[in-house]
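The next block is model_9.cif, given as mmCIF, C-alpha atoms and all ligand atoms.
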```cif
data_entry
loop_
_atom_site.label_atom_id
_atom_site.label_comp_id
_atom_site.auth_asym_id
_atom_site.auth_seq_id
_atom_site.Cartn_x
_atom_site.Cartn_y
_atom_site.Cartn_z
CA MET A 30 181.88 -10.25 -43.50
CA LYS A 31 185.16 -11.51 -42.04
CA ILE A 32 188.21 -9.33 -42.73
CA SER A 33 190.52 -11.32 -44.93
CA ASN A 34 194.15 -10.65 -45.73
CA PHE A 35 193.26 -10.01 -49.31
CA ILE A 36 194.16 -6.75 -51.09
CA SER A 37 193.70 -5.69 -54.71
CA PHE A 38 195.19 -2.96 -56.84
CA GLU A 39 193.42 -1.22 -59.70
CA GLY A 40 194.19 1.49 -62.21
CA ILE A 41 194.57 2.19 -65.89
CA ASP A 42 197.62 0.88 -67.68
CA GLY A 43 200.77 2.68 -66.53
CA ALA A 44 199.39 3.74 -63.13
CA GLY A 45 202.29 2.11 -61.28
CA LYS A 46 200.54 -0.89 -59.74
CA THR A 47 203.53 -3.21 -60.19
CA THR A 48 205.89 -0.88 -58.31
CA GLN A 49 203.49 -0.28 -55.43
CA ILE A 50 202.61 -3.96 -55.14
CA LYS A 51 206.29 -4.83 -54.85
CA LEU A 52 206.78 -2.21 -52.12
CA LEU A 53 203.71 -3.34 -50.18
CA LYS A 54 204.82 -6.96 -50.44
CA GLU A 55 208.19 -6.06 -48.89
CA LYS A 56 206.54 -4.19 -46.01
CA LEU A 57 204.17 -7.07 -45.28
CA GLU A 58 207.06 -9.51 -45.38
CA SER A 59 208.95 -7.37 -42.87
CA ASN A 60 205.84 -7.83 -40.68
CA ASN A 61 206.44 -11.59 -40.91
CA TYR A 62 203.69 -12.38 -43.39
CA LYS A 63 204.02 -14.72 -46.30
CA VAL A 64 202.82 -12.77 -49.34
CA PHE A 65 201.47 -14.10 -52.61
CA VAL A 66 201.02 -11.76 -55.57
CA PHE A 67 198.79 -12.65 -58.51
CA ARG A 68 198.02 -10.75 -61.65
CA GLU A 69 194.77 -10.97 -63.55
CA PRO A 70 194.40 -12.64 -65.87
CA GLY A 71 196.95 -15.10 -64.50
CA GLY A 72 197.87 -17.06 -61.40
CA ASN A 73 198.06 -20.57 -62.80
CA LYS A 74 198.78 -22.36 -66.07
CA VAL A 75 195.24 -22.27 -67.43
CA ASN A 76 194.99 -18.55 -66.72
CA GLU A 77 198.30 -17.74 -68.35
CA GLN A 78 196.92 -19.38 -71.50
CA ILE A 79 193.67 -17.43 -71.22
CA ARG A 80 195.80 -14.30 -70.80
CA GLU A 81 197.62 -15.01 -74.05
CA ILE A 82 194.34 -15.36 -75.91
CA ILE A 83 192.87 -12.16 -74.46
CA LEU A 84 195.91 -9.96 -74.95
CA SER A 85 197.13 -11.34 -78.29
CA LYS A 86 196.84 -8.99 -81.22
CA ASP A 87 196.41 -12.04 -83.49
CA PHE A 88 192.77 -12.40 -82.42
CA ASN A 89 189.93 -9.99 -82.93
CA ILE A 90 187.56 -11.24 -80.23
CA THR A 91 184.10 -9.88 -79.42
CA ARG A 92 183.44 -7.96 -76.19
CA GLU A 93 181.21 -10.87 -75.12
CA SER A 94 184.05 -13.39 -75.45
CA GLU A 95 186.47 -10.94 -73.90
CA ILE A 96 184.47 -10.49 -70.69
CA LEU A 97 183.76 -14.21 -70.37
CA LEU A 98 187.45 -15.03 -70.72
CA PHE A 99 188.37 -12.53 -67.99
CA LEU A 100 185.70 -14.07 -65.78
CA ALA A 101 186.76 -17.64 -66.53
CA SER A 102 190.26 -16.72 -65.48
CA ARG A 103 188.94 -15.12 -62.27
CA ALA A 104 186.92 -18.23 -61.40
CA GLU A 105 190.08 -20.35 -61.69
CA LEU A 106 192.19 -17.91 -59.68
CA VAL A 107 189.73 -17.57 -56.80
CA ASN A 108 188.62 -21.14 -56.44
CA GLN A 109 191.80 -23.00 -57.29
CA VAL A 110 194.44 -20.63 -56.00
CA ILE A 111 193.34 -17.84 -53.63
CA VAL A 112 190.80 -19.56 -51.39
CA PRO A 113 193.11 -22.47 -50.48
CA LEU A 114 195.87 -19.96 -49.59
CA LEU A 115 193.88 -17.57 -47.37
CA LYS A 116 195.24 -18.09 -43.88
CA ASP A 117 196.04 -15.79 -40.95
CA ASN A 118 199.77 -15.58 -41.62
CA VAL A 119 199.37 -15.01 -45.37
CA PHE A 120 198.55 -11.94 -47.44
CA ILE A 121 197.24 -12.18 -50.99
CA ILE A 122 197.72 -9.20 -53.28
CA CYS A 123 195.90 -9.18 -56.60
CA ASP A 124 197.01 -6.98 -59.47
CA ARG A 125 193.47 -6.32 -60.78
CA TYR A 126 190.26 -8.05 -59.70
CA VAL A 127 186.47 -7.54 -59.98
CA ASP A 128 186.70 -3.74 -60.43
CA SER A 129 188.79 -4.08 -63.61
CA THR A 130 185.86 -5.81 -65.29
CA LEU A 131 183.45 -3.09 -64.16
CA ALA A 132 185.80 -0.35 -65.36
CA TYR A 133 187.06 -1.90 -68.63
CA GLN A 134 184.14 -4.02 -69.83
CA GLY A 135 181.39 -2.08 -68.03
CA TYR A 136 182.32 1.57 -68.47
CA GLY A 137 184.81 0.96 -71.30
CA ARG A 138 182.87 -1.48 -73.48
CA ASN A 139 179.34 -0.56 -72.34
CA ILE A 140 178.33 -3.91 -70.88
CA ASN A 141 175.59 -3.59 -68.24
CA LEU A 142 177.12 -2.99 -64.81
CA GLU A 143 174.49 -4.91 -62.84
CA PHE A 144 175.01 -7.89 -65.13
CA ILE A 145 178.79 -7.73 -64.53
CA LYS A 146 178.25 -7.54 -60.78
CA LYS A 147 176.19 -10.74 -60.94
CA LEU A 148 178.87 -12.47 -63.00
CA ASN A 149 181.62 -11.27 -60.64
CA SER A 150 179.67 -12.56 -57.70
CA PHE A 151 179.13 -15.91 -59.45
CA VAL A 152 182.79 -16.52 -60.31
CA THR A 153 184.19 -15.33 -56.96
CA ALA A 154 181.49 -16.73 -54.64
CA ASP A 155 181.40 -13.13 -53.31
CA LEU A 156 184.98 -13.10 -52.15
CA LEU A 157 186.00 -9.45 -52.04
CA PRO A 158 189.27 -7.88 -50.95
CA THR A 159 189.28 -6.12 -47.58
CA CYS A 160 190.76 -3.14 -49.33
CA THR A 161 191.33 -2.06 -52.95
CA PHE A 162 193.85 0.60 -53.90
CA TYR A 163 192.85 2.45 -57.04
CA LEU A 164 195.91 4.27 -58.40
CA ASP A 165 194.61 7.25 -60.32
CA ILE A 166 196.55 8.96 -63.10
CA PRO A 167 195.31 11.31 -65.83
CA ILE A 168 195.24 9.93 -69.38
CA ASP A 169 198.07 12.17 -70.58
CA VAL A 170 200.31 10.74 -67.85
CA MET A 171 199.42 7.24 -69.03
CA ILE A 172 200.42 8.17 -72.59
CA GLU A 173 203.68 9.69 -71.38
CA ARG A 174 204.55 6.65 -69.26
CA LYS A 175 203.76 4.19 -72.06
CA LYS A 176 205.70 6.08 -74.71
CA GLY A 177 207.84 3.77 -76.84
CA GLY A 178 206.44 0.68 -75.07
CA LYS A 179 204.65 -2.23 -76.70
CA TYR A 180 200.86 -2.19 -76.86
CA ASP A 181 198.79 -5.36 -76.32
CA ARG A 182 195.28 -5.86 -77.73
CA MET A 183 193.56 -4.15 -74.77
CA GLU A 184 195.98 -1.24 -74.84
CA GLN A 185 195.24 -0.69 -78.51
CA SER A 186 191.64 0.20 -77.67
CA GLY A 187 192.17 3.94 -78.13
CA LEU A 188 192.11 7.08 -76.04
CA ASP A 189 188.33 7.38 -75.78
CA PHE A 190 188.22 3.89 -74.35
CA PHE A 191 190.78 4.75 -71.67
CA LYS A 192 188.96 7.97 -70.80
CA LYS A 193 185.80 5.93 -70.22
CA VAL A 194 187.72 3.40 -68.13
CA ARG A 195 189.27 6.09 -65.93
CA ASN A 196 185.94 7.86 -65.47
CA GLY A 197 184.46 4.48 -64.63
CA TYR A 198 186.99 3.92 -61.87
CA LEU A 199 186.26 7.42 -60.54
CA GLU A 200 182.56 6.50 -60.41
CA LEU A 201 183.29 3.20 -58.65
CA VAL A 202 185.30 4.87 -55.88
CA LYS A 203 182.34 7.15 -55.16
CA TYR A 204 179.99 4.43 -54.01
CA GLU A 205 182.30 1.59 -53.00
CA ASN A 206 183.89 2.20 -49.56
CA ARG A 207 186.28 -0.69 -50.08
CA ILE A 208 188.05 1.16 -52.92
CA ILE A 209 190.52 3.87 -51.93
CA ASN A 210 191.39 6.52 -54.46
CA ILE A 211 195.12 7.21 -54.44
CA ASN A 212 196.59 10.06 -56.45
CA ALA A 213 199.31 8.15 -58.30
CA ASN A 214 200.64 11.13 -60.19
CA ARG A 215 203.17 11.72 -57.40
CA GLU A 216 206.52 10.46 -56.13
CA ILE A 217 206.66 6.69 -55.63
CA ARG A 218 207.64 7.15 -51.97
CA ASP A 219 204.65 9.41 -51.18
CA ILE A 220 202.22 6.93 -52.73
CA GLU A 221 203.87 4.09 -50.82
CA LEU A 222 203.49 5.93 -47.50
CA ASP A 223 199.81 6.68 -48.11
CA ILE A 224 199.12 3.04 -48.93
CA TRP A 225 200.91 1.86 -45.81
CA GLU A 226 198.99 4.25 -43.54
CA ILE A 227 195.71 2.93 -44.96
CA MET A 228 196.89 -0.66 -44.53
CA LYS A 229 197.74 0.00 -40.88
CA SER A 230 194.33 1.52 -40.20
CA ASN A 231 192.54 -1.34 -41.98
CA PHE A 232 194.52 -4.00 -40.14
CA LYS A 233 194.65 -2.24 -36.76
CA GLY A 234 197.03 -3.68 -34.22
CA VAL A 235 198.23 -6.26 -36.74
CA LEU A 236 200.69 -4.28 -38.87
CA LYS A 237 203.46 -1.98 -37.66
P1 LIG B 1 198.26 -6.31 -68.12
O1 LIG B 1 199.43 -6.37 -69.03
O2 LIG B 1 198.27 -7.13 -66.88
O3 LIG B 1 197.98 -4.78 -67.79
P2 LIG B 1 198.46 -3.95 -66.54
O4 LIG B 1 199.94 -4.15 -66.41
O5 LIG B 1 198.08 -2.55 -66.91
O6 LIG B 1 197.67 -4.46 -65.37
O7 LIG B 1 196.98 -6.63 -69.00
C1 LIG B 1 195.74 -6.80 -68.50
C2 LIG B 1 194.80 -6.02 -69.38
O8 LIG B 1 193.51 -6.57 -69.28
C3 LIG B 1 194.70 -4.56 -68.99
O9 LIG B 1 194.64 -3.76 -70.17
C4 LIG B 1 193.36 -4.48 -68.29
C5 LIG B 1 192.57 -5.57 -68.93
N1 LIG B 1 191.51 -6.18 -68.07
C6 LIG B 1 190.17 -6.02 -68.43
O10 LIG B 1 189.86 -5.36 -69.44
N2 LIG B 1 189.20 -6.61 -67.66
C7 LIG B 1 189.50 -7.36 -66.57
O11 LIG B 1 188.59 -7.89 -65.89
C8 LIG B 1 190.89 -7.53 -66.22
C9 LIG B 1 191.27 -8.37 -65.03
C10 LIG B 1 191.86 -6.93 -67.00
#
```

If you convert what's in this file into structure tokens, what do you get?
Ligand code: TYD
Amino acid sequence: MKISNFISFEGIDGAGKTTQIKLLKEKLESNNYKVFVFREPGGNKVNEQIREIILSKDFNITRESEILLFLASRAELVNQVIVPLLKDNVFIICDRYVDSTLAYQGYGRNINLEFIKKLNSFVTADLLPTCTFYLDIPIDVMIERKKGGKYDRMEQSGLDFFKKVRNGYLELVKYENRIININANREIRDIELDIWEIMKSNFKGVLK
């Protein structure tokens, strides 16, 4: 498969994806790339509305509806937004992508993983990132980092849920070479340097 300038970030809530995405964006821009960052669910007007429905505490939706809404949003993002933007001088960074559904709805909500893979493949037409950074933090670090913050509907799912999600990610990194496990329970600068080294080796001769 052709190497595309498409990167995703994964991790449980509070892992520090936003900070690292911002730092990576700046580095890519200093390499003269135009960089687009999208969050899932999100990326266009329809998806921001889907996001509101999924995360709102006003609705008590079933796991079936939940997964289908995440996937509907992904279909819009890939087909309407990402694919038309993928060009040589552009990088796309996605804050969550196909692996979030495997970790949260698969491992977290016990929906069959093979079924999710088929759905992911259907909504993305098999477009995968060249590289996925999974930022790993222990659950107690997540709790500490989220202290005093607001909780959305997903974040209210309880500790057992998040343990399953984290273990799920740790399973995914075992058999998926594309996903790189980054210890995110460290200084921001150290994590940033690790990510950049991996980027340079994935995009050899292209990034400096
Ligand atoms: P968000 O506020 O973007 O969380 P974060 O800042 O941690 O990325 O909310 C997205 C939530 O949706 C988050 O709890 C993870 C969850 N999610 C799924 O459960 N499945 C999915 O496929 C995706 C994309 C997100």

Closest atom pairs, chain A residues within 10 Å of ligand LIG 1 (chain B), all atoms listed in the file, as a Markdown table:
```
| residue | atom | partner | partner_atom | distance |
| --- | --- | --- | --- | --- |
| A:Phe38 | CA | B:LIG1 | O6 | 9.0 |
| A:Glu39 | CA | B:LIG1 | O6 | 7.8 |
| A:Gly40 | CA | B:LIG1 | O5 | 7.3 |
| A:Ile41 | CA | B:LIG1 | O5 | 6.0 |
| A:Asp42 | CA | B:LIG1 | O5 | 3.5 |
| A:Gly43 | CA | B:LIG1 | O5 | 5.9 |
| A:Ala44 | CA | B:LIG1 | O5 | 7.5 |
| A:Gly45 | CA | B:LIG1 | O4 | 8.4 |
| A:Lys46 | CA | B:LIG1 | O6 | 7.3 |
| A:Thr47 | CA | B:LIG1 | O4 | 7.2 |
| A:Arg68 | CA | B:LIG1 | O2 | 6.4 |
| A:Glu69 | CA | B:LIG1 | C9 | 4.6 |
| A:Pro70 | CA | B:LIG1 | C9 | 5.4 |
| A:Gly71 | CA | B:LIG1 | O2 | 8.4 |
| A:Arg80 | CA | B:LIG1 | C1 | 7.8 |
| A:Glu81 | CA | B:LIG1 | O7 | 9.8 |
| A:Ile83 | CA | B:LIG1 | O8 | 7.6 |
| A:Leu84 | CA | B:LIG1 | O7 | 6.9 |
| A:Arg92 | CA | B:LIG1 | O10 | 9.7 |
| A:Glu95 | CA | B:LIG1 | O10 | 7.9 |
| A:Ile96 | CA | B:LIG1 | N2 | 6.8 |
| A:Leu97 | CA | B:LIG1 | O11 | 9.1 |
| A:Leu98 | CA | B:LIG1 | O11 | 8.7 |
| A:Phe99 | CA | B:LIG1 | O11 | 5.1 |
| A:Leu100 | CA | B:LIG1 | O11 | 6.8 |
| A:Ala101 | CA | B:LIG1 | O11 | 9.9 |
| A:Ser102 | CA | B:LIG1 | C9 | 8.4 |
| A:Arg103 | CA | B:LIG1 | C9 | 7.7 |
| A:Cys123 | CA | B:LIG1 | C9 | 9.7 |
| A:Asp124 | CA | B:LIG1 | O6 | 6.4 |
| A:Arg125 | CA | B:LIG1 | C9 | 5.2 |
| A:Tyr126 | CA | B:LIG1 | C9 | 5.4 |
| A:Val127 | CA | B:LIG1 | O11 | 6.3 |
| A:Asp128 | CA | B:LIG1 | O11 | 7.1 |
| A:Ser129 | CA | B:LIG1 | O11 | 4.4 |
| A:Thr130 | CA | B:LIG1 | O11 | 3.5 |
| A:Leu131 | CA | B:LIG1 | O11 | 7.2 |
| A:Ala132 | CA | B:LIG1 | N2 | 7.5 |
| A:Tyr133 | CA | B:LIG1 | O10 | 4.5 |
| A:Gln134 | CA | B:LIG1 | O10 | 5.9 |
| A:Gly135 | CA | B:LIG1 | N2 | 9.0 |
| A:Gly137 | CA | B:LIG1 | O10 | 8.3 |
| A:Arg138 | CA | B:LIG1 | O10 | 9.0 |
| A:Ile145 | CA | B:LIG1 | O11 | 9.9 |
| A:Asn149 | CA | B:LIG1 | O11 | 9.4 |
| A:Tyr180 | CA | B:LIG1 | O1 | 9.0 |
| A:Asp181 | CA | B:LIG1 | O1 | 7.4 |
| A:Arg182 | CA | B:LIG1 | O9 | 7.9 |
| A:Met183 | CA | B:LIG1 | O9 | 4.7 |
| A:Glu184 | CA | B:LIG1 | O9 | 5.5 |
| A:Gln185 | CA | B:LIG1 | O9 | 8.9 |
| A:Ser186 | CA | B:LIG1 | O9 | 9.0 |
| A:Phe191 | CA | B:LIG1 | O9 | 9.5 |
| A:Val194 | CA | B:LIG1 | O10 | 9.1 |
```

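Closest to A:Lys193 among A:Thr159, A:Asn212, A:Asn60, A:Asn139 is A:Asn139, based on all atoms listed in the file.
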
* **Residue contacts of A:Phe65 (10 Å, all atoms listed in the file) excluding same-chain residues fewer than 4 positions away, as a PyMOL selection string** => chain A and resi 35+54+72+111+114-115+119-123

* One decimal, Å: what's the distance from atom CA of A:Asp165 over to atom CA of A:Ser33, could you say? =>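 Separation between atom CA of A:Asp165 and atom CA of A:Ser33: 24.5 Å.
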
* Considering only C-alpha atoms, state which residue in the set A:Ser94, A:Ser230, A:Asn73, A:Asn210 is at the smallest distance from A:Phe162. =>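 Among the listed residues, A:Asn210 lies closest to A:Phe162.
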
* Asked: Between A:Glu105, A:Leu164, A:Asp117, A:Gly187, which is the closest to A:Glu77 once you count all atoms listed in the file?
  ->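 Distance minimum relative to A:Glu77 lands on A:Glu105.
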
* Which one is closest to A:Leu142: A:Leu201, A:Ile211, A:Leu156, A:Ile172? Count only C-alpha atoms. ->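 Smallest separation from A:Leu142 among the options: A:Leu201.
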
* Interatomic distance, atom CA of A:Trp225 to atom CA of A:Lys146 (Å, one decimal) -> 28.7 Å

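Between atom CA of A:Lys179 and atom CA of A:Asp87 the separation is 14.5 Å.
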
* Check the smallest atom-to-atom distance from each of A:Ile166, A:Ile36, A:Leu157, A:Ala104 to A:Ile220 using all atoms listed in the file, then report the winner. =>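 The closest residue to A:Ile220 is A:Ile166.
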